[in-house]
$ cat target-v9.pdb   # PDB, C-alpha atoms, pLDDT in the B column
ATOM      1  CA  MET A   5       6.751  12.827  18.041  1.00 42.00           C
ATOM      2  CA  ASN A   6       9.361  11.305  15.781  1.00 44.00           C
ATOM      3  CA  THR A   7      11.716  13.594  13.904  1.00 44.00           C
ATOM      4  CA  LEU A   8      13.534  13.484  10.587  1.00 46.00           C
ATOM      5  CA  THR A   9      17.232  13.763  11.348  1.00 42.00           C
ATOM      6  CA  THR A  10      20.182  14.507   9.066  1.00 36.00           C
ATOM      7  CA  LEU A  11      23.481  12.967  10.078  1.00 33.00           C
ATOM      8  CA  GLY A  12      26.390  14.861   8.574  1.00 34.00           C
ATOM      9  CA  SER A  13      26.388  16.277   5.055  1.00 35.00           C
ATOM     10  CA  GLY A  14      26.985  13.149   2.994  1.00 39.00           C
ATOM     11  CA  SER A  15      24.718  11.273   0.624  1.00 44.00           C
ATOM     12  CA  ASP A  16      20.999  10.606   0.922  1.00 46.00           C
ATOM     13  CA  ALA A  17      21.869   7.398   2.755  1.00 42.00           C
ATOM     14  CA  SER A  18      22.999   9.485   5.749  1.00 39.00           C
ATOM     15  CA  ARG A  19      19.507  10.916   6.233  1.00 49.00           C
ATOM     16  CA  ILE A  20      17.597   8.629   8.573  1.00 50.00           C
ATOM     17  CA  ILE A  21      14.413   8.687  10.589  1.00 55.00           C
ATOM     18  CA  SER A  22      15.290   8.562  14.267  1.00 53.00           C
ATOM     19  CA  PRO A  23      13.062   6.694  16.727  1.00 48.00           C
ATOM     20  CA  GLY A  24      10.779   8.840  18.846  1.00 53.00           C
ATOM     21  CA  PRO A  25       8.312   8.614  21.759  1.00 60.00           C
ATOM     22  CA  LEU A  26       5.698   6.662  19.759  1.00 69.00           C
ATOM     23  CA  GLU A  27       7.687   3.437  20.120  1.00 65.00           C
ATOM     24  CA  THR A  28       7.432   3.630  23.913  1.00 63.00           C
ATOM     25  CA  SER A  29       3.905   5.061  24.109  1.00 79.00           C
ATOM     26  CA  ILE A  30       0.834   2.965  24.863  1.00 83.00           C
ATOM     27  CA  TYR A  31      -0.385   3.429  21.290  1.00 88.00           C
ATOM     28  CA  GLY A  32       2.973   2.534  19.788  1.00 81.00           C
ATOM     29  CA  THR A  33       3.595  -0.595  21.863  1.00 80.00           C
ATOM     30  CA  PHE A  34       0.057  -1.915  22.191  1.00 87.00           C
ATOM     31  CA  GLY A  35      -2.729   0.359  20.960  1.00 92.00           C
ATOM     32  CA  LYS A  36      -1.945   0.454  17.242  1.00 94.00           C
ATOM     33  CA  ARG A  37      -1.787  -3.331  16.978  1.00 95.00           C
ATOM     34  CA  LEU A  38      -5.007  -3.689  19.007  1.00 95.00           C
ATOM     35  CA  LEU A  39      -6.766  -1.182  16.752  1.00 95.00           C
ATOM     36  CA  ASP A  40      -5.548  -3.072  13.687  1.00 97.00           C
ATOM     37  CA  VAL A  41      -6.761  -6.470  14.886  1.00 97.00           C
ATOM     38  CA  VAL A  42     -10.156  -5.258  16.138  1.00 97.00           C
ATOM     39  CA  LEU A  43     -11.023  -3.158  13.080  1.00 97.00           C
ATOM     40  CA  ALA A  44      -9.602  -5.589  10.495  1.00 97.00           C
ATOM     41  CA  SER A  45     -11.304  -8.628  12.041  1.00 97.00           C
ATOM     42  CA  SER A  46     -14.614  -6.770  12.300  1.00 97.00           C
ATOM     43  CA  ALA A  47     -14.347  -5.601   8.694  1.00 97.00           C
ATOM     44  CA  LEU A  48     -13.630  -9.133   7.453  1.00 97.00           C
ATOM     45  CA  PHE A  49     -16.751 -10.407   9.219  1.00 97.00           C
ATOM     46  CA  VAL A  50     -19.038  -7.581   8.063  1.00 97.00           C
ATOM     47  CA  LEU A  51     -17.730  -7.633   4.482  1.00 96.00           C
ATOM     48  CA  SER A  52     -17.768 -11.426   4.045  1.00 96.00           C
ATOM     49  CA  PRO A  53     -20.969 -11.335   1.893  1.00 97.00           C
ATOM     50  CA  LEU A  54     -19.295  -8.753  -0.362  1.00 97.00           C
ATOM     51  CA  PHE A  55     -16.239 -11.001  -0.626  1.00 97.00           C
ATOM     52  CA  LEU A  56     -18.463 -13.788  -1.957  1.00 97.00           C
ATOM     53  CA  VAL A  57     -20.034 -11.497  -4.563  1.00 97.00           C
ATOM     54  CA  VAL A  58     -16.635 -10.216  -5.728  1.00 96.00           C
ATOM     55  CA  ALA A  59     -15.259 -13.755  -5.915  1.00 96.00           C
ATOM     56  CA  TRP A  60     -18.232 -14.847  -8.041  1.00 97.00           C
ATOM     57  CA  LEU A  61     -17.786 -11.878 -10.421  1.00 96.00           C
ATOM     58  CA  ILE A  62     -14.069 -12.594 -10.897  1.00 96.00           C
ATOM     59  CA  ARG A  63     -14.709 -16.248 -11.661  1.00 95.00           C
ATOM     60  CA  LEU A  64     -17.575 -15.314 -13.987  1.00 94.00           C
ATOM     61  CA  ASN A  65     -15.365 -12.844 -15.862  1.00 90.00           C
ATOM     62  CA  ASP A  66     -12.628 -15.215 -17.036  1.00 87.00           C
ATOM     63  CA  GLY A  67     -12.731 -18.338 -14.887  1.00 88.00           C
ATOM     64  CA  GLY A  68      -9.331 -17.573 -13.358  1.00 90.00           C
ATOM     65  CA  PRO A  69      -8.293 -17.559  -9.684  1.00 94.00           C
ATOM     66  CA  VAL A  70     -10.065 -15.166  -7.330  1.00 96.00           C
ATOM     67  CA  PHE A  71      -7.064 -14.068  -5.299  1.00 96.00           C
ATOM     68  CA  PHE A  72      -3.672 -12.751  -6.328  1.00 93.00           C
ATOM     69  CA  ARG A  73      -0.758 -13.413  -3.988  1.00 93.00           C
ATOM     70  CA  GLN A  74       2.362 -11.316  -4.463  1.00 93.00           C
ATOM     71  CA  LYS A  75       5.672 -10.986  -2.633  1.00 95.00           C
ATOM     72  CA  ARG A  76       6.002  -7.563  -1.037  1.00 96.00           C
ATOM     73  CA  HIS A  77       8.491  -5.870   1.260  1.00 96.00           C
ATOM     74  CA  GLY A  78       7.444  -4.472   4.614  1.00 95.00           C
ATOM     75  CA  LYS A  79       9.082  -3.050   7.716  1.00 94.00           C
ATOM     76  CA  ASP A  80      12.865  -2.811   7.337  1.00 92.00           C
ATOM     77  CA  GLY A  81      12.582  -4.630   4.002  1.00 94.00           C
ATOM     78  CA  ALA A  82      11.243  -7.906   5.403  1.00 95.00           C
ATOM     79  CA  SER A  83       9.325  -9.848   2.749  1.00 96.00           C
ATOM     80  CA  PHE A  84       5.823 -11.302   3.024  1.00 97.00           C
ATOM     81  CA  PHE A  85       3.008 -12.365   0.717  1.00 97.00           C
ATOM     82  CA  MET A  86       0.261  -9.785   0.237  1.00 97.00           C
ATOM     83  CA  TYR A  87      -3.236 -10.750  -0.887  1.00 97.00           C
ATOM     84  CA  LYS A  88      -5.549  -8.951  -3.306  1.00 96.00           C
ATOM     85  CA  PHE A  89      -8.587  -9.771  -5.380  1.00 97.00           C
ATOM     86  CA  ARG A  90      -7.211 -10.492  -8.851  1.00 95.00           C
ATOM     87  CA  SER A  91      -7.882  -7.532 -11.122  1.00 91.00           C
ATOM     88  CA  MET A  92      -5.575  -8.448 -14.022  1.00 87.00           C
ATOM     89  CA  LYS A  93      -5.395 -11.177 -16.602  1.00 85.00           C
ATOM     90  CA  THR A  94      -3.497 -14.284 -15.555  1.00 80.00           C
ATOM     91  CA  THR A  95      -0.788 -13.381 -18.094  1.00 75.00           C
ATOM     92  CA  ALA A  96      -0.277  -9.866 -16.670  1.00 69.00           C
ATOM     93  CA  GLU A  97       3.269 -10.319 -15.352  1.00 71.00           C
ATOM     94  CA  ALA A  98       4.503 -11.711 -18.672  1.00 70.00           C
ATOM     95  CA  GLN A  99       3.031  -8.715 -20.529  1.00 66.00           C
ATOM     96  CA  LYS A 100       4.502  -6.029 -18.259  1.00 64.00           C
ATOM     97  CA  ALA A 101       7.857  -5.678 -20.065  1.00 62.00           C
ATOM     98  CA  ALA A 102       6.106  -4.652 -23.285  1.00 61.00           C
ATOM     99  CA  LEU A 103       4.285  -1.830 -21.475  1.00 63.00           C
ATOM    100  CA  LEU A 104       7.185  -0.148 -19.667  1.00 60.00           C
ATOM    101  CA  ALA A 105       7.339   2.667 -22.230  1.00 51.00           C
ATOM    102  CA  ASP A 106       3.834   3.725 -21.153  1.00 55.00           C
ATOM    103  CA  ASN A 107       4.642   3.904 -17.433  1.00 58.00           C
ATOM    104  CA  GLN A 108       2.945   7.003 -15.966  1.00 53.00           C
ATOM    105  CA  HIS A 109       5.875   7.309 -13.521  1.00 50.00           C
ATOM    106  CA  GLY A 110       8.496   7.275 -16.280  1.00 48.00           C
ATOM    107  CA  ARG A 111       9.972   4.460 -18.361  1.00 52.00           C
ATOM    108  CA  ASP A 112      12.757   3.920 -15.804  1.00 55.00           C
ATOM    109  CA  GLY A 113      10.620   4.768 -12.803  1.00 57.00           C
ATOM    110  CA  VAL A 114      10.757   2.719  -9.612  1.00 67.00           C
ATOM    111  CA  THR A 115       6.998   2.184  -9.603  1.00 66.00           C
ATOM    112  CA  PHE A 116       4.813   1.143 -12.552  1.00 59.00           C
ATOM    113  CA  LYS A 117       1.473   2.888 -13.040  1.00 62.00           C
ATOM    114  CA  MET A 118      -0.486   3.042 -16.275  1.00 62.00           C
ATOM    115  CA  LYS A 119      -3.896   4.459 -17.101  1.00 68.00           C
ATOM    116  CA  ALA A 120      -6.058   2.119 -19.188  1.00 71.00           C
ATOM    117  CA  ASP A 121      -3.697  -0.789 -18.555  1.00 77.00           C
ATOM    118  CA  PRO A 122      -4.739  -3.450 -21.116  1.00 80.00           C
ATOM    119  CA  ARG A 123      -3.919  -6.222 -18.642  1.00 85.00           C
ATOM    120  CA  ILE A 124      -6.769  -5.220 -16.347  1.00 87.00           C
ATOM    121  CA  THR A 125      -9.959  -7.256 -16.714  1.00 91.00           C
ATOM    122  CA  ARG A 126     -13.403  -5.696 -17.017  1.00 91.00           C
ATOM    123  CA  VAL A 127     -14.287  -6.663 -13.451  1.00 94.00           C
ATOM    124  CA  GLY A 128     -10.786  -5.694 -12.347  1.00 91.00           C
ATOM    125  CA  ALA A 129     -11.252  -2.108 -13.584  1.00 91.00           C
ATOM    126  CA  TRP A 130     -14.286  -1.777 -11.321  1.00 92.00           C
ATOM    127  CA  LEU A 131     -12.455  -3.367  -8.412  1.00 93.00           C
ATOM    128  CA  ARG A 132      -9.558  -0.932  -8.766  1.00 89.00           C
ATOM    129  CA  ARG A 133     -11.770   2.114  -9.191  1.00 87.00           C
ATOM    130  CA  THR A 134     -13.569   1.241  -5.953  1.00 89.00           C
ATOM    131  CA  SER A 135     -10.424  -0.140  -4.223  1.00 89.00           C
ATOM    132  CA  LEU A 136     -12.298  -3.367  -3.508  1.00 94.00           C
ATOM    133  CA  ASP A 137      -9.314  -5.307  -4.832  1.00 94.00           C
ATOM    134  CA  GLU A 138      -7.381  -4.260  -1.720  1.00 94.00           C
ATOM    135  CA  LEU A 139      -9.827  -5.724   0.814  1.00 96.00           C
ATOM    136  CA  PRO A 140      -8.101  -9.132   1.222  1.00 97.00           C
ATOM    137  CA  GLN A 141      -5.195  -7.232   2.777  1.00 97.00           C
ATOM    138  CA  LEU A 142      -7.345  -7.013   5.893  1.00 98.00           C
ATOM    139  CA  TRP A 143      -6.153 -10.588   6.427  1.00 97.00           C
ATOM    140  CA  ASN A 144      -2.542  -9.367   6.170  1.00 98.00           C
ATOM    141  CA  VAL A 145      -3.402  -6.842   8.889  1.00 98.00           C
ATOM    142  CA  VAL A 146      -4.777  -9.584  11.152  1.00 98.00           C
ATOM    143  CA  LEU A 147      -1.614 -11.644  10.555  1.00 97.00           C
ATOM    144  CA  GLY A 148       0.562  -8.666  11.492  1.00 96.00           C
ATOM    145  CA  ASP A 149       2.300  -8.307   8.112  1.00 96.00           C
ATOM    146  CA  MET A 150       0.533  -4.985   7.626  1.00 97.00           C
ATOM    147  CA  SER A 151      -1.228  -2.256   9.567  1.00 97.00           C
ATOM    148  CA  LEU A 152      -4.362  -0.347   8.649  1.00 97.00           C
ATOM    149  CA  VAL A 153      -2.245   2.788   8.198  1.00 96.00           C
ATOM    150  CA  GLY A 154       1.330   2.863   6.975  1.00 95.00           C
ATOM    151  CA  PRO A 155       3.451   3.152   3.809  1.00 96.00           C
ATOM    152  CA  ARG A 156       2.283   0.914   0.983  1.00 96.00           C
ATOM    153  CA  PRO A 157       4.508  -2.196   0.628  1.00 96.00           C
ATOM    154  CA  PRO A 158       6.495  -2.326  -2.635  1.00 95.00           C
ATOM    155  CA  VAL A 159       6.865  -5.356  -4.884  1.00 92.00           C
ATOM    156  CA  ALA A 160      10.277  -7.035  -4.997  1.00 92.00           C
ATOM    157  CA  ALA A 161      11.242  -5.492  -8.370  1.00 89.00           C
ATOM    158  CA  GLU A 162      10.537  -1.997  -7.038  1.00 91.00           C
ATOM    159  CA  TYR A 163      12.316  -2.571  -3.737  1.00 94.00           C
ATOM    160  CA  ALA A 164      15.431  -3.757  -5.601  1.00 93.00           C
ATOM    161  CA  LYS A 165      15.709  -0.256  -7.153  1.00 92.00           C
ATOM    162  CA  TYR A 166      15.391   1.620  -3.851  1.00 94.00           C
ATOM    163  CA  THR A 167      18.230   3.809  -2.629  1.00 93.00           C
ATOM    164  CA  ASP A 168      19.066   3.714   1.082  1.00 93.00           C
ATOM    165  CA  TYR A 169      17.183   6.993   1.450  1.00 94.00           C
ATOM    166  CA  GLN A 170      14.053   5.571  -0.175  1.00 95.00           C
ATOM    167  CA  LYS A 171      14.213   2.504   2.064  1.00 94.00           C
ATOM    168  CA  THR A 172      13.622   4.735   5.101  1.00 93.00           C
ATOM    169  CA  ARG A 173       9.950   4.936   4.096  1.00 94.00           C
ATOM    170  CA  LEU A 174       9.759   1.320   5.303  1.00 94.00           C
ATOM    171  CA  ALA A 175      10.956   2.069   8.829  1.00 92.00           C
ATOM    172  CA  VAL A 176       7.470   1.096  10.061  1.00 93.00           C
ATOM    173  CA  THR A 177       4.917  -1.619   9.293  1.00 95.00           C
ATOM    174  CA  PRO A 178       3.296  -1.033   5.864  1.00 96.00           C
ATOM    175  CA  GLY A 179      -0.395  -0.263   5.637  1.00 97.00           C
ATOM    176  CA  LEU A 180      -3.625  -0.499   3.677  1.00 96.00           C
ATOM    177  CA  THR A 181      -3.752   3.264   3.352  1.00 95.00           C
ATOM    178  CA  CYS A 182      -1.331   6.136   3.835  1.00 94.00           C
ATOM    179  CA  LEU A 183      -0.846   9.871   3.390  1.00 93.00           C
ATOM    180  CA  TRP A 184      -0.335   9.755  -0.369  1.00 92.00           C
ATOM    181  CA  GLN A 185      -3.359   7.502  -0.781  1.00 91.00           C
ATOM    182  CA  ILE A 186      -5.552  10.361   0.467  1.00 89.00           C
ATOM    183  CA  LYS A 187      -3.667  13.041  -1.476  1.00 87.00           C
ATOM    184  CA  GLY A 188      -3.856  11.712  -5.039  1.00 80.00           C
ATOM    185  CA  ARG A 189      -2.689   8.087  -5.047  1.00 74.00           C
ATOM    186  CA  ALA A 190      -1.055   7.114  -8.353  1.00 73.00           C
ATOM    187  CA  GLU A 191      -1.115  10.740  -9.546  1.00 81.00           C
ATOM    188  CA  ILE A 192       1.669  11.488  -7.065  1.00 88.00           C
ATOM    189  CA  PRO A 193       5.121  10.612  -8.482  1.00 88.00           C
ATOM    190  CA  PHE A 194       7.229   8.108  -6.571  1.00 90.00           C
ATOM    191  CA  GLU A 195       9.529  10.778  -5.126  1.00 92.00           C
ATOM    192  CA  GLY A 196       6.504  12.538  -3.665  1.00 92.00           C
ATOM    193  CA  GLN A 197       5.217   9.265  -2.229  1.00 93.00           C
ATOM    194  CA  VAL A 198       8.550   8.700  -0.484  1.00 94.00           C
ATOM    195  CA  GLU A 199       8.463  12.141   1.120  1.00 94.00           C
ATOM    196  CA  LEU A 200       4.881  11.699   2.312  1.00 94.00           C
ATOM    197  CA  ASP A 201       5.726   8.278   3.742  1.00 95.00           C
ATOM    198  CA  ARG A 202       8.724   9.742   5.566  1.00 93.00           C
ATOM    199  CA  GLU A 203       6.471  12.485   6.887  1.00 92.00           C
ATOM    200  CA  TYR A 204       4.114   9.816   8.226  1.00 93.00           C
ATOM    201  CA  VAL A 205       6.948   7.865   9.856  1.00 91.00           C
ATOM    202  CA  ALA A 206       8.167  11.041  11.549  1.00 89.00           C
ATOM    203  CA  THR A 207       4.786  12.255  12.812  1.00 89.00           C
ATOM    204  CA  ARG A 208       2.595   9.158  13.225  1.00 90.00           C
ATOM    205  CA  SER A 209       0.177   9.093  16.112  1.00 91.00           C
ATOM    206  CA  LEU A 210      -3.284   7.823  17.002  1.00 92.00           C
ATOM    207  CA  LEU A 211      -4.879  11.056  15.810  1.00 93.00           C
ATOM    208  CA  LEU A 212      -2.993  10.967  12.496  1.00 93.00           C
ATOM    209  CA  ASP A 213      -3.954   7.321  11.909  1.00 95.00           C
ATOM    210  CA  LEU A 214      -7.624   8.081  12.600  1.00 95.00           C
ATOM    211  CA  LYS A 215      -7.494  11.117  10.310  1.00 95.00           C
ATOM    212  CA  ILE A 216      -6.020   9.059   7.458  1.00 95.00           C
ATOM    213  CA  LEU A 217      -8.587   6.288   7.942  1.00 96.00           C
ATOM    214  CA  VAL A 218     -11.469   8.781   7.835  1.00 95.00           C
ATOM    215  CA  LEU A 219     -10.102  10.660   4.791  1.00 94.00           C
ATOM    216  CA  THR A 220      -9.528   7.380   2.947  1.00 93.00           C
ATOM    217  CA  ILE A 221     -13.296   7.009   2.550  1.00 91.00           C
ATOM    218  CA  PRO A 222     -13.840  10.126   0.367  1.00 91.00           C
ATOM    219  CA  ALA A 223     -10.565   9.373  -1.453  1.00 87.00           C
ATOM    220  CA  VAL A 224     -11.871   5.934  -2.411  1.00 86.00           C
ATOM    221  CA  VAL A 225     -15.326   7.278  -3.355  1.00 82.00           C
ATOM    222  CA  SER A 226     -13.812   9.952  -5.610  1.00 77.00           C
ATOM    223  CA  GLY A 227     -11.623   7.388  -7.382  1.00 67.00           C
ATOM    224  CA  ARG A 228      -8.909  10.001  -7.953  1.00 66.00           C
ATOM    225  CA  GLY A 229      -5.629   8.371  -8.966  1.00 55.00           C
ATOM    226  CA  ALA A 230      -7.106   4.874  -8.829  1.00 56.00           C
ATOM    227  CA  TYR A 231      -5.623   2.932 -11.769  1.00 50.00           C
TER     228      TYR A 231
END
$ encode --input "target-v9.pdb" --output "structure tokens"
Amino acid sequence: MNTLTTLGSGSDASRIISPGPLETSIYGTFGKRLLDVVLASSALFVLSPLFLVVAWLIRLNDGGPVFFRQKRHGKDGASFFMYKFRSMKTTAEAQKAALLADNQHGRDGVTFKMKADPRITRVGAWLRRTSLDELPQLWNVVLGDMSLVGPRPPVAAEYAKYTDYQKTRLAVTPGLTCLWQIKGRAEIPFEGQVELDREYVATRSLLLDLKILVLTIPAVVSGRGAY
């Protein structure tokens, strides 16, 4: 099991997550990646008819592109492009600055979350409530940019605000779901998300990954914190 270790008594930057047995275990070196590829590939195949329906609904809604590609930061801060079904208007990024005062995580918060975000399309609201907008990330899992379970990858603007301590949440490959996704999602403030991600990094195992995957289902069905 990995452990959270404090080096000295200096700033937050001195608190790191030390490597543990998982990295040299069968699951850490081979099993986790195998599980990711098998489950993600199978899900893409089984859900392909649903993908077609969602794509048709998005195009029917406003005629815009089906997918949204966004630069994210993964393990150790490495950047990659993450895919989602588009749930916002095509002008969403340009409108964000005017909405910062309504950020649920604070005007100067690292992350931006807003209930009843006016940039979200009618179809997009349904996609977010059901988490269907996240399904294209299964392709990111197949590519190896992401894992099924791991800290959620931040956008570039968020990552630029991270302290060294907060960056330790990205000591492992990011995932589709994580501890804070099953404990309240956007209702959990960013500081709480960081601590839960660090807890995952320090204690991750096959059993923990399976537990998170199973508990993600009722979390998605309930829709708690999905906005």
$ closest_residue --input "target-v9.pdb" --among "A:Val57, A:Leu139, A:Leu147, A:Ala120" --to "A:Phe89" --atoms "only C-alpha atoms"
A:Leu139
$ resolve_selection --input "target-v9.pdb" --expression "the PyMOL selection byres ((chain A and resi 125-129) around 9)" --output "mmCIF file with C-alpha atoms, keeping the file's coordinate frame"
data_model
loop_
_atom_site.group_PDB
_atom_site.id
_atom_site.type_symbol
_atom_site.label_atom_id
_atom_site.label_comp_id
_atom_site.auth_asym_id
_atom_site.auth_seq_id
_atom_site.Cartn_x
_atom_site.Cartn_y
_atom_site.Cartn_z
ATOM 1 C CA VAL A 58 -16.635 -10.216 -5.728
ATOM 2 C CA LEU A 61 -17.786 -11.878 -10.421
ATOM 3 C CA ILE A 62 -14.069 -12.594 -10.897
ATOM 4 C CA ASN A 65 -15.365 -12.844 -15.862
ATOM 5 C CA ASP A 66 -12.628 -15.215 -17.036
ATOM 6 C CA PHE A 89 -8.587 -9.771 -5.380
ATOM 7 C CA ARG A 90 -7.211 -10.492 -8.851
ATOM 8 C CA SER A 91 -7.882 -7.532 -11.122
ATOM 9 C CA MET A 92 -5.575 -8.448 -14.022
ATOM 10 C CA LYS A 93 -5.395 -11.177 -16.602
ATOM 11 C CA ALA A 120 -6.058 2.119 -19.188
ATOM 12 C CA PRO A 122 -4.739 -3.450 -21.116
ATOM 13 C CA ARG A 123 -3.919 -6.222 -18.642
ATOM 14 C CA ILE A 124 -6.769 -5.220 -16.347
ATOM 15 C CA TRP A 130 -14.286 -1.777 -11.321
ATOM 16 C CA LEU A 131 -12.455 -3.367 -8.412
ATOM 17 C CA ARG A 132 -9.558 -0.932 -8.766
ATOM 18 C CA ARG A 133 -11.770 2.114 -9.191
ATOM 19 C CA THR A 134 -13.569 1.241 -5.953
ATOM 20 C CA ASP A 137 -9.314 -5.307 -4.832
ATOM 21 C CA TYR A 231 -5.623 2.932 -11.769
#
$ atom_distance --input "target-v9.pdb" --atom1 "atom CA of A:Ile30" --atom2 "atom CA of A:Leu142"
22.9 Å
$ closest_residue --input "target-v9.pdb" --among "A:Thr177, A:Gln170, A:Gln197, A:Ser83" --to "A:Lys36" --atoms "only C-alpha atoms"
A:Thr177
$ closest_residue --input "target-v9.pdb" --among "A:Leu136, A:Val70, A:Val198, A:Val225" --to "A:Pro158" --atoms "all atoms listed in the file"
A:Val198
$ closest_residue --input "target-v9.pdb" --among "A:Glu195, A:Glu203, A:Asp149, A:Asp213" --to "A:Gly81" --atoms "only C-alpha atoms"
A:Asp149
